[in-house]
file structure_35.pdb (PDB, C-alpha atoms and all ligand atoms)
ATOM      1  CA  MET A 274     -56.295  -8.189   0.602  1.00  0.00           C
ATOM      2  CA  ARG A 275     -54.383  -8.312  -2.680  1.00  0.00           C
ATOM      3  CA  LEU A 276     -56.866  -5.902  -4.225  1.00  0.00           C
ATOM      4  CA  LEU A 277     -56.400  -3.418  -1.370  1.00  0.00           C
ATOM      5  CA  GLU A 278     -52.633  -3.697  -1.726  1.00  0.00           C
ATOM      6  CA  ASN A 279     -52.876  -3.020  -5.473  1.00  0.00           C
ATOM      7  CA  ILE A 280     -55.162  -0.021  -4.941  1.00  0.00           C
ATOM      8  CA  PHE A 281     -52.803   1.349  -2.277  1.00  0.00           C
ATOM      9  CA  GLN A 282     -49.819   0.943  -4.591  1.00  0.00           C
ATOM     10  CA  ALA A 283     -51.662   2.580  -7.484  1.00  0.00           C
ATOM     11  CA  ILE A 284     -52.552   5.584  -5.298  1.00  0.00           C
ATOM     12  CA  CYS A 285     -49.002   5.852  -3.950  1.00  0.00           C
ATOM     13  CA  SER A 286     -47.512   5.757  -7.427  1.00  0.00           C
ATOM     14  CA  HIS A 287     -49.607   8.803  -8.362  1.00  0.00           C
ATOM     15  CA  ILE A 288     -49.077  10.937  -5.284  1.00  0.00           C
ATOM     16  CA  LEU A 289     -45.522  10.033  -4.267  1.00  0.00           C
ATOM     17  CA  PRO A 290     -42.430  10.284  -6.421  1.00  0.00           C
ATOM     18  CA  SER A 291     -40.579   7.004  -6.785  1.00  0.00           C
ATOM     19  CA  ALA A 292     -37.043   6.133  -7.777  1.00  0.00           C
ATOM     20  CA  CYS A 293     -35.905   3.500 -10.235  1.00  0.00           C
ATOM     21  CA  ILE A 294     -34.554   0.567  -8.205  1.00  0.00           C
ATOM     22  CA  VAL A 295     -31.532   0.297 -10.509  1.00  0.00           C
ATOM     23  CA  CYS A 296     -30.321   3.837 -11.294  1.00  0.00           C
ATOM     24  CA  GLU A 297     -32.189   5.506  -8.397  1.00  0.00           C
ATOM     25  CA  VAL A 298     -33.314   8.433 -10.572  1.00  0.00           C
ATOM     26  CA  PHE A 299     -36.678   9.835  -9.437  1.00  0.00           C
ATOM     27  CA  GLN A 300     -39.436   9.251 -11.977  1.00  0.00           C
ATOM     28  CA  ASP A 301     -42.857   7.580 -12.237  1.00  0.00           C
ATOM     29  CA  HIS A 302     -41.864   3.963 -12.611  1.00  0.00           C
ATOM     30  CA  ILE A 303     -40.183   1.559 -10.257  1.00  0.00           C
ATOM     31  CA  LEU A 304     -37.897   0.515 -13.114  1.00  0.00           C
ATOM     32  CA  CYS A 305     -37.129   3.329 -15.590  1.00  0.00           C
ATOM     33  CA  ALA A 306     -37.340   2.801 -19.346  1.00  0.00           C
ATOM     34  CA  GLN A 307     -33.579   3.034 -19.799  1.00  0.00           C
ATOM     35  CA  CYS A 308     -32.794   0.431 -17.101  1.00  0.00           C
ATOM     36  CA  THR A 309     -35.558  -1.826 -18.436  1.00  0.00           C
ATOM     37  CA  THR A 310     -33.923  -1.751 -21.881  1.00  0.00           C
ATOM     38  CA  LEU A 311     -30.496  -2.512 -20.401  1.00  0.00           C
ATOM     39  CA  LEU A 312     -31.873  -5.338 -18.251  1.00  0.00           C
ATOM     40  CA  ILE A 313     -33.718  -6.905 -21.182  1.00  0.00           C
ATOM     41  CA  ALA A 314     -30.480  -6.929 -23.158  1.00  0.00           C
ATOM     42  CA  GLU A 315     -28.537  -8.592 -20.331  1.00  0.00           C
ATOM     43  CA  LEU A 316     -31.063 -11.092 -18.939  1.00  0.00           C
ATOM     44  CA  LEU A 317     -29.826 -14.601 -18.302  1.00  0.00           C
ATOM     45  CA  PRO A 318     -32.506 -16.153 -20.544  1.00  0.00           C
ATOM     46  CA  ASN A 319     -30.718 -14.408 -23.465  1.00  0.00           C
ATOM     47  CA  TYR A 320     -27.786 -16.752 -22.939  1.00  0.00           C
ATOM     48  CA  GLU A 321     -27.421 -20.497 -23.421  1.00  0.00           C
ATOM     49  CA  CYS A 322     -28.027 -21.772 -19.896  1.00  0.00           C
ATOM     50  CA  CYS A 323     -28.212 -25.226 -18.376  1.00  0.00           C
ATOM     51  CA  GLU A 324     -31.884 -26.227 -18.331  1.00  0.00           C
ATOM     52  CA  GLN A 325     -31.449 -27.998 -15.024  1.00  0.00           C
ATOM     53  CA  CYS A 326     -29.330 -25.639 -12.882  1.00  0.00           C
ATOM     54  CA  GLY A 327     -29.524 -22.348 -14.806  1.00  0.00           C
ATOM     55  CA  ILE A 328     -25.761 -21.795 -15.079  1.00  0.00           C
ATOM     56  CA  THR A 329     -24.444 -20.285 -18.321  1.00  0.00           C
ATOM     57  CA  LEU A 330     -23.013 -22.997 -20.551  1.00  0.00           C
ATOM     58  CA  VAL A 331     -19.385 -22.903 -21.675  1.00  0.00           C
ATOM     59  CA  ALA A 332     -18.420 -23.447 -25.314  1.00  0.00           C
ATOM     60  CA  LYS A 333     -17.946 -27.238 -25.064  1.00  0.00           C
ATOM     61  CA  GLU A 334     -21.380 -27.665 -23.421  1.00  0.00           C
ATOM     62  CA  ILE A 335     -23.369 -25.612 -25.933  1.00  0.00           C
ATOM     63  CA  GLY A 336     -25.373 -27.894 -28.145  1.00  0.00           C
ATOM     64  CA  GLY A 337     -26.542 -29.970 -25.186  1.00  0.00           C
ATOM     65  CA  GLN A 338     -29.092 -28.571 -22.784  1.00  0.00           C
ATOM     66  CA  ARG A 339     -27.236 -29.267 -19.579  1.00  0.00           C
ATOM     67  CA  CYS A 340     -23.897 -28.355 -18.049  1.00  0.00           C
ATOM     68  CA  LEU A 341     -21.275 -31.022 -17.500  1.00  0.00           C
ATOM     69  CA  GLU A 342     -21.973 -31.142 -13.782  1.00  0.00           C
ATOM     70  CA  CYS A 343     -25.691 -31.802 -14.269  1.00  0.00           C
ATOM     71  CA  GLU A 344     -24.848 -34.431 -16.893  1.00  0.00           C
ATOM     72  CA  THR A 345     -22.487 -36.303 -14.560  1.00  0.00           C
ATOM     73  CA  GLN A 346     -24.195 -35.689 -11.194  1.00  0.00           C
ATOM     74  CA  PRO A 347     -27.771 -34.630 -11.877  1.00  0.00           C
ATOM     75  CA  PRO A 348     -29.335 -32.596  -9.059  1.00  0.00           C
ATOM     76  CA  TYR A 349     -32.759 -33.496  -7.640  1.00  0.00           C
ATOM     77  CA  PHE A 350     -34.457 -30.441  -9.168  1.00  0.00           C
ATOM     78  CA  ASP A 351     -35.539 -30.647 -12.801  1.00  0.00           C
ATOM     79  CA  GLU A 352     -35.392 -27.100 -14.143  1.00  0.00           C
ATOM     80  CA  THR A 353     -34.108 -23.672 -13.110  1.00  0.00           C
ATOM     81  CA  TYR A 354     -35.181 -20.245 -14.371  1.00  0.00           C
ATOM     82  CA  CYS A 355     -33.090 -17.232 -13.312  1.00  0.00           C
ATOM     83  CA  LEU A 356     -33.778 -13.599 -14.068  1.00  0.00           C
ATOM     84  CA  ASP A 357     -30.273 -12.139 -14.021  1.00  0.00           C
ATOM     85  CA  ARG A 358     -26.666 -12.660 -12.985  1.00  0.00           C
ATOM     86  CA  TYR A 359     -25.852 -11.941  -9.341  1.00  0.00           C
ATOM     87  CA  GLU A 360     -23.153  -9.522 -10.511  1.00  0.00           C
ATOM     88  CA  GLY A 361     -25.652  -7.666 -12.718  1.00  0.00           C
ATOM     89  CA  ARG A 362     -27.723  -4.501 -12.312  1.00  0.00           C
ATOM     90  CA  LEU A 363     -30.187  -5.834  -9.720  1.00  0.00           C
ATOM     91  CA  GLN A 364     -27.648  -6.802  -7.064  1.00  0.00           C
ATOM     92  CA  SER A 365     -27.673  -3.456  -5.291  1.00  0.00           C
ATOM     93  CA  ALA A 366     -31.504  -3.419  -5.140  1.00  0.00           C
ATOM     94  CA  LEU A 367     -31.436  -6.897  -3.589  1.00  0.00           C
ATOM     95  CA  HIS A 368     -28.870  -5.698  -1.022  1.00  0.00           C
ATOM     96  CA  GLN A 369     -31.130  -2.761  -0.160  1.00  0.00           C
ATOM     97  CA  LEU A 370     -33.883  -5.264   0.543  1.00  0.00           C
ATOM     98  CA  LYS A 371     -31.819  -7.814   2.482  1.00  0.00           C
ATOM     99  CA  TYR A 372     -29.269  -5.750   4.344  1.00  0.00           C
ATOM    100  CA  GLN A 373     -30.978  -2.356   4.689  1.00  0.00           C
ATOM    101  CA  GLY A 374     -34.432  -3.825   5.333  1.00  0.00           C
ATOM    102  CA  ARG A 375     -36.041  -1.675   2.641  1.00  0.00           C
ATOM    103  CA  LEU A 376     -39.131  -3.703   1.850  1.00  0.00           C
ATOM    104  CA  SER A 377     -40.173  -1.374  -0.974  1.00  0.00           C
ATOM    105  CA  TYR A 378     -37.357  -3.004  -2.956  1.00  0.00           C
ATOM    106  CA  ALA A 379     -39.235  -6.312  -2.770  1.00  0.00           C
ATOM    107  CA  HIS A 380     -42.021  -4.598  -4.672  1.00  0.00           C
ATOM    108  CA  GLY A 381     -39.499  -3.188  -7.171  1.00  0.00           C
ATOM    109  CA  LEU A 382     -37.663  -6.463  -7.723  1.00  0.00           C
ATOM    110  CA  ALA A 383     -40.912  -8.409  -8.047  1.00  0.00           C
ATOM    111  CA  SER A 384     -42.075  -5.824 -10.599  1.00  0.00           C
ATOM    112  CA  ALA A 385     -38.849  -6.407 -12.525  1.00  0.00           C
ATOM    113  CA  TRP A 386     -39.558 -10.163 -12.464  1.00  0.00           C
ATOM    114  CA  ASN A 387     -43.162  -9.595 -13.557  1.00  0.00           C
ATOM    115  CA  GLN A 388     -42.132  -7.297 -16.361  1.00  0.00           C
ATOM    116  CA  LEU A 389     -39.288  -9.440 -17.652  1.00  0.00           C
ATOM    117  CA  MET A 390     -40.063 -13.084 -16.781  1.00  0.00           C
ATOM    118  CA  THR A 391     -43.787 -13.631 -16.314  1.00  0.00           C
ATOM    119  CA  GLU A 392     -44.664 -13.821 -19.993  1.00  0.00           C
ATOM    120  CA  SER A 393     -42.330 -16.756 -20.596  1.00  0.00           C
ATOM    121  CA  LEU A 394     -43.411 -18.601 -17.422  1.00  0.00           C
ATOM    122  CA  ILE A 395     -47.130 -17.909 -17.277  1.00  0.00           C
ATOM    123  CA  ASN A 396     -48.090 -21.203 -18.931  1.00  0.00           C
ATOM    124  CA  LEU A 397     -45.951 -23.276 -16.590  1.00  0.00           C
ATOM    125  CA  GLN A 398     -48.246 -25.576 -14.619  1.00  0.00           C
ATOM    126  CA  ALA A 399     -47.491 -26.359 -10.980  1.00  0.00           C
ATOM    127  CA  SER A 400     -49.407 -26.952  -7.776  1.00  0.00           C
ATOM    128  CA  TYR A 401     -47.325 -24.880  -5.375  1.00  0.00           C
ATOM    129  CA  LEU A 402     -44.843 -22.046  -5.236  1.00  0.00           C
ATOM    130  CA  LEU A 403     -42.777 -22.264  -2.048  1.00  0.00           C
ATOM    131  CA  PRO A 404     -40.185 -19.762  -0.812  1.00  0.00           C
ATOM    132  CA  VAL A 405     -36.884 -21.070   0.565  1.00  0.00           C
ATOM    133  CA  PRO A 406     -37.254 -20.680   4.347  1.00  0.00           C
ATOM    134  CA  LEU A 407     -34.746 -18.537   6.208  1.00  0.00           C
ATOM    135  CA  SER A 408     -32.851 -19.629   9.310  1.00  0.00           C
ATOM    136  CA  GLN A 409     -34.381 -18.399  12.549  1.00  0.00           C
ATOM    137  CA  LYS A 410     -31.268 -16.330  13.261  1.00  0.00           C
ATOM    138  CA  LYS A 411     -31.501 -14.466   9.957  1.00  0.00           C
ATOM    139  CA  LEU A 412     -35.263 -14.148  10.244  1.00  0.00           C
ATOM    140  CA  CYS A 413     -34.909 -12.544  13.674  1.00  0.00           C
ATOM    141  CA  ALA A 414     -32.177 -10.204  12.476  1.00  0.00           C
ATOM    142  CA  ARG A 415     -33.928  -9.210   9.241  1.00  0.00           C
ATOM    143  CA  GLY A 416     -37.543  -9.366  10.334  1.00  0.00           C
ATOM    144  CA  PHE A 417     -38.749 -10.902   7.068  1.00  0.00           C
ATOM    145  CA  ASN A 418     -37.881 -13.623   4.590  1.00  0.00           C
ATOM    146  CA  GLN A 419     -36.852 -11.900   1.363  1.00  0.00           C
ATOM    147  CA  ALA A 420     -37.635 -15.009  -0.733  1.00  0.00           C
ATOM    148  CA  TRP A 421     -41.252 -14.921   0.487  1.00  0.00           C
ATOM    149  CA  GLU A 422     -41.513 -11.133   0.141  1.00  0.00           C
ATOM    150  CA  LEU A 423     -40.523 -11.540  -3.506  1.00  0.00           C
ATOM    151  CA  ALA A 424     -42.490 -14.730  -4.168  1.00  0.00           C
ATOM    152  CA  ARG A 425     -45.741 -13.321  -2.812  1.00  0.00           C
ATOM    153  CA  ARG A 426     -45.518 -10.371  -5.207  1.00  0.00           C
ATOM    154  CA  ILE A 427     -44.647 -12.185  -8.429  1.00  0.00           C
ATOM    155  CA  ARG A 428     -47.340 -13.025 -10.935  1.00  0.00           C
ATOM    156  CA  CYS A 429     -48.002 -16.643 -11.841  1.00  0.00           C
ATOM    157  CA  ALA A 430     -50.913 -18.811 -12.968  1.00  0.00           C
ATOM    158  CA  ARG A 431     -53.846 -18.629 -10.527  1.00  0.00           C
ATOM    159  CA  SER A 432     -53.787 -22.403 -10.087  1.00  0.00           C
ATOM    160  CA  ILE A 433     -50.358 -22.212  -8.407  1.00  0.00           C
ATOM    161  CA  HIS A 434     -50.746 -21.877  -4.637  1.00  0.00           C
ATOM    162  CA  LYS A 435     -48.140 -19.740  -2.937  1.00  0.00           C
ATOM    163  CA  ASN A 436     -47.500 -20.990   0.558  1.00  0.00           C
ATOM    164  CA  PRO A 437     -44.692 -20.230   3.053  1.00  0.00           C
ATOM    165  CA  TYR A 438     -45.841 -22.857   5.598  1.00  0.00           C
ATOM    166  CA  ILE A 439     -45.234 -26.089   3.659  1.00  0.00           C
ATOM    167  CA  LEU A 440     -41.441 -26.112   3.429  1.00  0.00           C
ATOM    168  CA  LEU A 441     -39.878 -25.546   6.842  1.00  0.00           C
ATOM    169  CA  ARG A 442     -36.389 -25.375   8.288  1.00  0.00           C
ATOM    170  CA  HIS A 443     -34.832 -26.841  11.410  1.00  0.00           C
ATOM    171  CA  HIS A 444     -33.008 -24.239  13.418  1.00  0.00           C
ATOM    172  CA  HIS A 445     -29.737 -25.774  14.469  1.00  0.00           C
ATOM    173  CA  THR A 446     -27.431 -25.245  11.519  1.00  0.00           C
ATOM    174  CA  GLN A 447     -24.247 -23.327  11.096  1.00  0.00           C
ATOM    175  CA  HIS A 448     -23.654 -20.408   8.782  1.00  0.00           C
ATOM    176  CA  GLN A 449     -23.136 -21.471   5.166  1.00  0.00           C
ATOM    177  CA  ALA A 450     -21.235 -18.573   3.601  1.00  0.00           C
ATOM    178  CA  ASN A 451     -17.664 -19.625   4.426  1.00  0.00           C
ATOM    179  CA  GLU A 452     -18.036 -23.323   3.807  1.00  0.00           C
ATOM    180  CA  ASN A 453     -16.377 -24.876   0.788  1.00  0.00           C
ATOM    181  CA  ARG A 454     -18.504 -26.650  -1.802  1.00  0.00           C
ATOM    182  CA  VAL A 455     -18.328 -30.169  -0.349  1.00  0.00           C
ATOM    183  CA  ASN A 456     -18.965 -28.919   3.175  1.00  0.00           C
ATOM    184  CA  ARG A 457     -21.863 -26.792   1.969  1.00  0.00           C
ATOM    185  CA  TYR A 458     -23.589 -29.893   0.574  1.00  0.00           C
ATOM    186  CA  LYS A 459     -22.979 -31.696   3.878  1.00  0.00           C
ATOM    187  CA  ALA A 460     -23.973 -28.754   6.095  1.00  0.00           C
ATOM    188  CA  ILE A 461     -27.337 -28.381   4.389  1.00  0.00           C
ATOM    189  CA  GLN A 462     -28.389 -32.035   4.733  1.00  0.00           C
ATOM    190  CA  GLY A 463     -31.363 -32.574   7.006  1.00  0.00           C
ATOM    191  CA  VAL A 464     -32.016 -28.838   7.357  1.00  0.00           C
ATOM    192  CA  PHE A 465     -35.407 -28.769   5.626  1.00  0.00           C
ATOM    193  CA  TYR A 466     -38.613 -30.693   6.249  1.00  0.00           C
ATOM    194  CA  ILE A 467     -42.209 -30.673   5.132  1.00  0.00           C
ATOM    195  CA  ASN A 468     -44.918 -29.498   7.506  1.00  0.00           C
ATOM    196  CA  PRO A 469     -46.683 -32.792   8.413  1.00  0.00           C
ATOM    197  CA  GLN A 470     -50.041 -31.115   7.690  1.00  0.00           C
ATOM    198  CA  TYR A 471     -49.130 -30.856   4.009  1.00  0.00           C
ATOM    199  CA  ARG A 472     -47.246 -34.115   3.426  1.00  0.00           C
ATOM    200  CA  ARG A 473     -50.096 -35.846   1.612  1.00  0.00           C
ATOM    201  CA  HIS A 474     -50.736 -32.763  -0.524  1.00  0.00           C
ATOM    202  CA  LEU A 475     -47.429 -33.092  -2.377  1.00  0.00           C
ATOM    203  CA  GLU A 476     -48.081 -36.501  -3.954  1.00  0.00           C
ATOM    204  CA  SER A 477     -47.380 -36.375  -7.726  1.00  0.00           C
ATOM    205  CA  THR A 478     -47.268 -32.582  -7.809  1.00  0.00           C
ATOM    206  CA  THR A 479     -45.016 -30.141  -9.605  1.00  0.00           C
ATOM    207  CA  VAL A 480     -43.552 -27.683  -7.098  1.00  0.00           C
ATOM    208  CA  ILE A 481     -41.835 -24.374  -7.820  1.00  0.00           C
ATOM    209  CA  VAL A 482     -39.237 -23.283  -5.262  1.00  0.00           C
ATOM    210  CA  PHE A 483     -38.435 -19.580  -5.166  1.00  0.00           C
ATOM    211  CA  ASP A 484     -35.156 -18.102  -3.930  1.00  0.00           C
ATOM    212  CA  ASP A 485     -33.527 -14.704  -4.261  1.00  0.00           C
ATOM    213  CA  VAL A 486     -30.008 -16.015  -4.973  1.00  0.00           C
ATOM    214  CA  MET A 487     -28.648 -19.334  -6.227  1.00  0.00           C
ATOM    215  CA  THR A 488     -24.941 -19.936  -5.676  1.00  0.00           C
ATOM    216  CA  SER A 489     -23.727 -23.544  -5.464  1.00  0.00           C
ATOM    217  CA  GLY A 490     -27.257 -24.922  -5.735  1.00  0.00           C
ATOM    218  CA  ALA A 491     -26.707 -26.966  -2.540  1.00  0.00           C
ATOM    219  CA  THR A 492     -29.727 -25.479  -0.743  1.00  0.00           C
ATOM    220  CA  LEU A 493     -32.084 -25.882  -3.692  1.00  0.00           C
ATOM    221  CA  ASN A 494     -30.796 -29.408  -4.312  1.00  0.00           C
ATOM    222  CA  GLU A 495     -31.499 -30.440  -0.728  1.00  0.00           C
ATOM    223  CA  ILE A 496     -34.960 -28.857  -0.869  1.00  0.00           C
ATOM    224  CA  ALA A 497     -35.732 -30.719  -4.092  1.00  0.00           C
ATOM    225  CA  ARG A 498     -34.598 -33.972  -2.448  1.00  0.00           C
ATOM    226  CA  VAL A 499     -36.939 -33.389   0.495  1.00  0.00           C
ATOM    227  CA  LEU A 500     -39.852 -32.457  -1.783  1.00  0.00           C
ATOM    228  CA  LYS A 501     -39.346 -35.572  -3.914  1.00  0.00           C
ATOM    229  CA  ASP A 502     -38.989 -37.772  -0.815  1.00  0.00           C
ATOM    230  CA  ASN A 503     -42.404 -36.446   0.135  1.00  0.00           C
ATOM    231  CA  GLY A 504     -43.999 -37.341  -3.183  1.00  0.00           C
ATOM    232  CA  ALA A 505     -43.405 -34.347  -5.488  1.00  0.00           C
ATOM    233  CA  SER A 506     -42.778 -35.582  -9.016  1.00  0.00           C
ATOM    234  CA  ARG A 507     -41.158 -32.465 -10.418  1.00  0.00           C
ATOM    235  CA  VAL A 508     -39.300 -29.554  -8.814  1.00  0.00           C
ATOM    236  CA  ILE A 509     -38.615 -26.289 -10.640  1.00  0.00           C
ATOM    237  CA  ASN A 510     -36.489 -23.443  -9.295  1.00  0.00           C
ATOM    238  CA  TRP A 511     -37.335 -19.802  -9.876  1.00  0.00           C
ATOM    239  CA  VAL A 512     -34.414 -17.624  -8.866  1.00  0.00           C
ATOM    240  CA  LEU A 513     -33.974 -13.874  -8.980  1.00  0.00           C
ATOM    241  CA  LEU A 514     -30.166 -13.766  -9.302  1.00  0.00           C
ATOM    242  CA  ARG A 515     -27.730 -16.540 -10.243  1.00  0.00           C
ATOM    243  CA  THR A 516     -24.015 -16.389  -9.430  1.00  0.00           C
ATOM    244  CA  LEU A 517     -21.637 -17.240 -12.207  1.00  0.00           C
ATOM    245  CA  ARG A 518     -19.804 -20.521 -12.299  1.00  0.00           C
ATOM    246  CA  PRO A 519     -16.948 -20.758  -9.759  1.00  0.00           C
ATOM    247  CA  THR A 520     -13.519 -20.357 -11.331  1.00  0.00           C
TER     248      THR A 520
HETATM  249 ZN    ZN A 601     -33.245   3.336 -13.964  1.00  0.00          ZN
HETATM  250 ZN    ZN A 602     -26.408 -27.588 -14.831  1.00  0.00          ZN
END
call {"tool": "encode", "arguments": {"input": "structure_35.pdb", "output": "structure tokens"}}
result
Amino acid sequence: MRLLENIFQAICSHILPSACIVCEVFQDHILCAQCTTLLIAELLPNYECCEQCGITLVAKEIGGQRCLECETQPPYFDETYCLDRYEGRLQSALHQLKYQGRLSYAHGLASAWNQLMTESLINLQASYLLPVPLSQKKLCARGFNQAWELARRIRCARSIHKNPYILLRHHHTQHQANENRVNRYKAIQGVFYINPQYRRHLESTTVIVFDDVMTSGATLNEIARVLKDNGASRVINWVLLRTLRPT
């Protein structure tokens, strides 16, 4: 299936013009050379970031590997790798995917991840790569889960199983966007669970959780708690875009 998809994409790239997902200029590549250069220069991994939550460190934190918040109240996840800032050049492409339903942008954004992140992560060992599940309401409105559409297209070690059916979500929660930080942590509690079929599979595993955006970290923290409650020994976040620290 993957092979057919790759062949189809290779044929399409030769017979159809494509536009760069960042500058939208028509050319052969999904990310043009100029935007690739700019992205490489601005990537979050170029900055001193907290190993645990991926946020950029402020002057007084540099020298340690974690931000003050992770030092004082460590989250359940162990590491976070983010491609770029939410306010950076990829935001509009992600909006095209999420809010305009343009699935081709999932291919473009995953290509950006593969081009810019895979080399540094390819040796990372884990048993599973799980997308953050979407609420039923959003899934019905959007028709797809963008985290899974990205996760299924990114390259990782063959031993890592990608699976959207292990981590599941109850469907009775309220919208998170307008909640303040404390309420967000409360609102997300008890939202996620592990498919009973897979519970025994998580024992002593390292699990990668993939999301398109990380803001407060409340969702990923709750997911890591659930995964560890079900036996996972290590939880690593892979995130496309990370918002900056709240001011
Ligand atoms: Zn471009
Ligand atoms: Zn941190």
call {"tool": "resolve_selection", "arguments": {"input": "structure_35.pdb", "expression": "the PyMOL selection byres (((chain A and resi 363) around 9) and not hetatm)", "output": "PyMOL selection string"}}
result
chain A and resi 294-295+312+357-362+364-368+382+513-514
call {"tool": "closest_residue", "arguments": {"input": "structure_35.pdb", "among": "A:Thr353, A:Leu517, A:His444, A:Asn436", "to": "Cys413 (chain A)", "atoms": "all atoms listed in the file"}}
result
A:His444
call {"tool": "closest_residue", "arguments": {"input": "structure_35.pdb", "among": "A:Leu277, A:Cys308, A:Leu341, A:Leu316", "to": "ligand ZN 602 (chain A)", "atoms": "only C-alpha atoms and all ligand atoms"}}
result
A:Leu341
call {"tool": "closest_atom_pairs", "arguments": {"input": "structure_35.pdb", "of": "chain A", "to": "ligand ZN 601 (chain A)", "cutoff": "6 Å", "atoms": "all atoms listed in the file", "output": "Markdown table"}}
result
| residue | atom | partner | partner_atom | distance |
| --- | --- | --- | --- | --- |
| A:Cys293 | CA | A:ZN601 | ZN | 4.6 |
| A:Val295 | CA | A:ZN601 | ZN | 4.9 |
| A:Cys296 | CA | A:ZN601 | ZN | 4.0 |
| A:Leu304 | CA | A:ZN601 | ZN | 5.5 |
| A:Cys305 | CA | A:ZN601 | ZN | 4.2 |
| A:Gln307 | CA | A:ZN601 | ZN | 5.9 |
| A:Cys308 | CA | A:ZN601 | ZN | 4.3 |
call {"tool": "resolve_selection", "arguments": {"input": "structure_35.pdb", "expression": "the PyMOL selection byres (((chain A and resi 409) around 10) and not hetatm)", "output": "ChimeraX atom specification"}}
result
/A:406-408,410-416,418,442-446
call {"tool": "closest_atom_pairs", "arguments": {"input": "structure_35.pdb", "of": "chain A", "to": "ligand ZN 602 (chain A)", "cutoff": "7 Å", "atoms": "only C-alpha atoms and all ligand atoms", "output": "JSON lines"}}
result
{"residue": "A:Cys323", "atom": "CA", "partner": "A:ZN602", "partner_atom": "ZN", "distance": 4.6}
{"residue": "A:Glu324", "atom": "CA", "partner": "A:ZN602", "partner_atom": "ZN", "distance": 6.6}
{"residue": "A:Gln325", "atom": "CA", "partner": "A:ZN602", "partner_atom": "ZN", "distance": 5.1}
{"residue": "A:Cys326", "atom": "CA", "partner": "A:ZN602", "partner_atom": "ZN", "distance": 4.0}
{"residue": "A:Gly327", "atom": "CA", "partner": "A:ZN602", "partner_atom": "ZN", "distance": 6.1}
{"residue": "A:Ile328", "atom": "CA", "partner": "A:ZN602", "partner_atom": "ZN", "distance": 5.8}
{"residue": "A:Arg339", "atom": "CA", "partner": "A:ZN602", "partner_atom": "ZN", "distance": 5.1}
{"residue": "A:Cys340", "atom": "CA", "partner": "A:ZN602", "partner_atom": "ZN", "distance": 4.2}
{"residue": "A:Leu341", "atom": "CA", "partner": "A:ZN602", "partner_atom": "ZN", "distance": 6.7}
{"residue": "A:Glu342", "atom": "CA", "partner": "A:ZN602", "partner_atom": "ZN", "distance": 5.8}
{"residue": "A:Cys343", "atom": "CA", "partner": "A:ZN602", "partner_atom": "ZN", "distance": 4.3}
call {"tool": "closest_residue", "arguments": {"input": "structure_35.pdb", "among": "A:Ala385, A:Leu441, A:Leu394, A:Val499", "to": "His302 (chain A)", "atoms": "only C-alpha atoms"}}
result
A:Ala385
call {"tool": "atom_distance", "arguments": {"input": "structure_35.pdb", "atom1": "CA of Asn456 (chain A)", "atom2": "CA of Thr479 (chain A)"}}
result
29.0 Å
call {"tool": "resolve_selection", "arguments": {"input": "structure_35.pdb", "expression": "the PyMOL selection byres (((chain A and resi 425) around 9) and not hetatm)", "output": "list of chain:residue names"}}
result
A:Ala383, A:Pro404, A:Ala420, A:Trp421, A:Glu422, A:Leu423, A:Ala424, A:Arg426, A:Ile427, A:Arg428, A:Lys435, A:Asn436
